[in-house]
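**Student:** One structure coming up, written as structure tokens, with questions to follow.
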Amino acid sequence: MKFFVDTAEIDAIAELNDLGMADGVTTNPSLIMKSGRDILEVTKEIADLIDGPVSAEVVATEAEAMIAEGRKLAKIADNITIKVPLTWDGLKACKVLSTEGHMVNVTLCFSVNQALLAAKAGASFISPFIGRLDDINLDGMELIADIRQVYDNFGFETEILAASIRSVNHIADCARIGADVITAPPDVIKAMVHHPLTDKGLAAFMADWKKTGQKIL
Ligand code: E4P
């Protein structure tokens, strides 16, 4: 399973990239706003840092304007993935841009039918939002499982990019179900390391080691 980092913060991306834990990056208009950076500049910086796909989102709502924005974003670097919303116009833009050879990430997916449409429109990635479904008392993980089953039923090659991830449990569940990619905030990825028995075991080893009076270096 690939790990994408869901942020436009360069330092956080660089830290995970150095550890081989940033197979790609996803951004959206809210993350660009939080970074306080210019979208073209920060996207270029991220795309230069990361080998894998870097999603940059269009902000137009009509197909022709989305296509124009998508083409401009794609010029930033070869590894740009154009992110379009899951609307009828977004699907039109997806079809045109993917036919031109661009990677397209169709975002704001909340149903299996939407995921089917995106795959048929040539999306490289579909982004179902787990956390936002959980927020309204629906089951985000059930959507990931449903899309996995439907894509496998028909051999669609669109990758499932599980998004709106809020906890380490979301990541483990996505791995069990077989999501191709998760995109998560840096803090959630880093929180995966924690286990109380690791901390307890290490403390006991350190205490015993101190009693030996030995040194390795
Ligand atoms: C994914 O591409 C989105 O940027 C992101 O995962 C949305 O997450 P949120 O629902 O926590 O804002």
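Letters A, B, ... go to the chains of the structure tokens in the order shown; residues in each chain start at 1; ligands are counted from 1 in the same order.
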List every residue of region 7-201 of chain A that DSSP, applied to the backbone, labels as helix (DSSP H, G or I), and write the result as JSON, numbers by chain.

**Tutor:** {"A": [10, 11, 12, 13, 14, 15, 16, 17, 18, 29, 30, 31, 32, 33, 34, 35, 39, 40, 41, 42, 43, 44, 45, 46, 47, 48, 49, 63, 64, 65, 66, 67, 68, 69, 70, 71, 72, 73, 74, 88, 89, 90, 91, 92, 93, 94, 95, 96, 97, 98, 99, 112, 113, 114, 115, 116, 117, 118, 119, 120, 130, 131, 132, 133, 134, 135, 140, 141, 142, 143, 144, 145, 146, 147, 148, 149, 150, 151, 152, 153, 154, 168, 169, 170, 171, 172, 173, 174, 175, 176, 177, 186, 187, 188, 189, 190, 191, 196, 197, 198, 199, 200, 201]}

**Student:** Considering only C-alpha atoms, return as an MDAnalysis selection string whatever protein or nucleic-acid residues lie within 12 Å of Met192 (chain A), sequence-local ones (same chain, fewer than 2 positions apart) excluded.

**Tutor:** chainID A and resid 21 166:172 184:190 194:196

**Student:** Restricted to C-alpha atoms, what would the selected residues look like written as a PDB file, in the first residue's frame?

**Tutor:**
```
ATOM      1  CA  MET A  21       7.186   7.101   3.657  1.00  0.00           C
ATOM      2  CA  ARG A 166      -8.394  10.887  10.750  1.00  0.00           C
ATOM      3  CA  SER A 167      -6.883   8.012  12.745  1.00  0.00           C
ATOM      4  CA  VAL A 168      -4.326   5.232  12.679  1.00  0.00           C
ATOM      5  CA  ASN A 169      -7.191   2.730  12.756  1.00  0.00           C
ATOM      6  CA  HIS A 170      -8.429   4.108   9.452  1.00  0.00           C
ATOM      7  CA  ILE A 171      -5.032   3.278   7.938  1.00  0.00           C
ATOM      8  CA  ALA A 172      -4.943  -0.282   9.311  1.00  0.00           C
ATOM      9  CA  ALA A 184      -3.157  11.080   5.605  1.00  0.00           C
ATOM     10  CA  PRO A 185      -1.899  14.116   7.522  1.00  0.00           C
ATOM     11  CA  PRO A 186       1.759  13.758   8.604  1.00  0.00           C
ATOM     12  CA  ASP A 187       0.814  13.500  12.306  1.00  0.00           C
ATOM     13  CA  VAL A 188      -1.470  10.531  11.666  1.00  0.00           C
ATOM     14  CA  ILE A 189       1.238   8.691   9.701  1.00  0.00           C
ATOM     15  CA  LYS A 190       3.776   9.370  12.475  1.00  0.00           C
ATOM     16  CA  HIS A 194       3.192   4.213  18.891  1.00  0.00           C
ATOM     17  CA  HIS A 195       2.449   1.155  21.025  1.00  0.00           C
ATOM     18  CA  PRO A 196       2.442   1.203  24.848  1.00  0.00           C
TER      19      PRO A 196
END
```

**Student:** Could I get the residues of chain A with an atom no further than 8 Å from an atom of ligand 1, each paired with its nearest atom pair and that distance in Å to one decimal, using only C-alpha atoms and all ligand atoms, sorted by chain and residue number, as a tab-separated table?

**Tutor:**
```
residue	atom	partner	partner_atom_place_in_ligand_line	distance
A:Asp6	CA	ligand 1	4 (O)	5.8
A:Thr7	CA	ligand 1	4 (O)	7.5
A:Thr26	CA	ligand 1	2 (O)	5.3
A:Thr27	CA	ligand 1	4 (O)	5.3
A:Asn28	CA	ligand 1	4 (O)	5.0
A:Ser30	CA	ligand 1	12 (O)	7.8
A:Leu31	CA	ligand 1	4 (O)	7.2
A:Ser55	CA	ligand 1	2 (O)	7.7
A:Thr107	CA	ligand 1	2 (O)	6.4
A:Leu108	CA	ligand 1	1 (C)	7.8
A:Ser127	CA	ligand 1	2 (O)	6.3
A:Phe129	CA	ligand 1	10 (O)	6.3
A:Ile130	CA	ligand 1	10 (O)	7.5
A:Gly131	CA	ligand 1	10 (O)	5.7
A:Arg132	CA	ligand 1	10 (O)	5.3
A:Ala162	CA	ligand 1	6 (O)	7.6
A:Ala163	CA	ligand 1	6 (O)	3.9
A:Ser164	CA	ligand 1	8 (O)	3.4
A:Ile165	CA	ligand 1	6 (O)	6.0
A:Arg166	CA	ligand 1	11 (O)	6.4
A:Thr183	CA	ligand 1	6 (O)	6.1
A:Ala184	CA	ligand 1	6 (O)	6.3
A:Pro185	CA	ligand 1	6 (O)	7.8
```

**Student:** The selected residues should be written to file as a PDB file, in the first residue's frame (atoms: C-alpha atoms).

**Tutor:**
```
ATOM      1  CA  ASP A   6      -2.082  15.028   2.821  1.00  0.00           C
ATOM      2  CA  THR A   7      -0.498  18.443   3.320  1.00  0.00           C
ATOM      3  CA  THR A  26      -2.209  15.325  -1.992  1.00  0.00           C
ATOM      4  CA  THR A  27      -3.239  18.938  -1.604  1.00  0.00           C
ATOM      5  CA  ASN A  28      -6.567  20.728  -1.828  1.00  0.00           C
ATOM      6  CA  SER A  30      -8.033  24.283   2.104  1.00  0.00           C
ATOM      7  CA  LEU A  31      -4.516  22.855   2.578  1.00  0.00           C
ATOM      8  CA  SER A  55      -2.182  16.092  -6.562  1.00  0.00           C
ATOM      9  CA  THR A 107     -11.948  13.805  -5.365  1.00  0.00           C
ATOM     10  CA  LEU A 108     -14.903  14.265  -2.992  1.00  0.00           C
ATOM     11  CA  SER A 127     -10.548   9.660  -3.549  1.00  0.00           C
ATOM     12  CA  PHE A 129     -13.490  10.527   1.927  1.00  0.00           C
ATOM     13  CA  ILE A 130     -13.712   8.256   4.981  1.00  0.00           C
ATOM     14  CA  GLY A 131     -13.685  10.798   7.828  1.00  0.00           C
ATOM     15  CA  ARG A 132     -16.340  13.053   6.355  1.00  0.00           C
ATOM     16  CA  ALA A 162      -8.481   6.492   0.644  1.00  0.00           C
ATOM     17  CA  ALA A 163      -8.752  10.095   1.867  1.00  0.00           C
ATOM     18  CA  SER A 164     -10.074  12.117   4.800  1.00  0.00           C
ATOM     19  CA  ILE A 165      -8.172   9.815   7.124  1.00  0.00           C
ATOM     20  CA  ARG A 166      -8.394  10.887  10.750  1.00  0.00           C
ATOM     21  CA  THR A 183      -3.463   9.835   2.056  1.00  0.00           C
ATOM     22  CA  ALA A 184      -3.157  11.080   5.605  1.00  0.00           C
ATOM     23  CA  PRO A 185      -1.899  14.116   7.522  1.00  0.00           C
TER      24      PRO A 185
END
```

**Student:** Can you work out the spacing between CA of Asp89 (chain A) and CA of Leu116 (chain A) in Å, to one decimal?

**Tutor:**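 A separation of 15.6 Å between them.
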
**Student:** Excluding Asp180 (chain A) and residues on its chain fewer than 2 positions from it, collect all residues at most 12 Å away from it, counting only C-alpha atoms, and give them as JSON, numbers by chain.

**Tutor:** {"A": [1, 2, 3, 4, 23, 124, 125, 126, 127, 128, 144, 145, 147, 148, 151, 152, 157, 158, 159, 160, 161, 162, 163, 171, 174, 175, 176, 177, 178, 182, 183]}

**Student:** How would the residues just picked look written out with C-alpha atoms as a tab-separated table (two decimals), in the first residue's frame?

**Tutor:**
```tsv
chain	number	residue	atom	x	y	z
A	1	MET	CA	0.00	0.00	0.00
A	2	LYS	CA	1.28	3.43	-0.92
A	3	PHE	CA	1.39	6.33	1.55
A	4	PHE	CA	0.58	9.80	0.26
A	23	ASP	CA	5.04	7.85	-2.07
A	124	SER	CA	-5.99	7.32	-12.30
A	125	PHE	CA	-7.15	7.74	-8.68
A	126	ILE	CA	-10.51	7.88	-6.92
A	127	SER	CA	-10.55	9.66	-3.55
A	128	PRO	CA	-13.32	8.40	-1.24
A	144	ILE	CA	-13.74	1.67	0.70
A	145	ALA	CA	-14.70	-2.03	0.85
A	147	ILE	CA	-15.37	0.30	-4.15
A	148	ARG	CA	-12.67	-2.39	-3.79
A	151	TYR	CA	-13.42	-2.32	-9.09
A	152	ASP	CA	-12.21	-5.91	-8.69
A	157	GLU	CA	-7.40	-0.03	-12.94
A	158	THR	CA	-8.29	3.23	-11.15
A	159	GLU	CA	-6.43	3.21	-7.84
A	160	ILE	CA	-8.41	3.63	-4.62
A	161	LEU	CA	-6.83	6.56	-2.78
A	162	ALA	CA	-8.48	6.49	0.64
A	163	ALA	CA	-8.75	10.09	1.87
A	171	ILE	CA	-5.03	3.28	7.94
A	174	CYS	CA	-7.66	0.45	4.62
A	175	ALA	CA	-4.67	-1.89	4.47
A	176	ARG	CA	-6.86	-4.89	5.42
A	177	ILE	CA	-9.47	-4.01	2.81
A	178	GLY	CA	-6.85	-3.44	0.11
A	182	ILE	CA	-3.96	6.11	1.75
A	183	THR	CA	-3.46	9.83	2.06
```
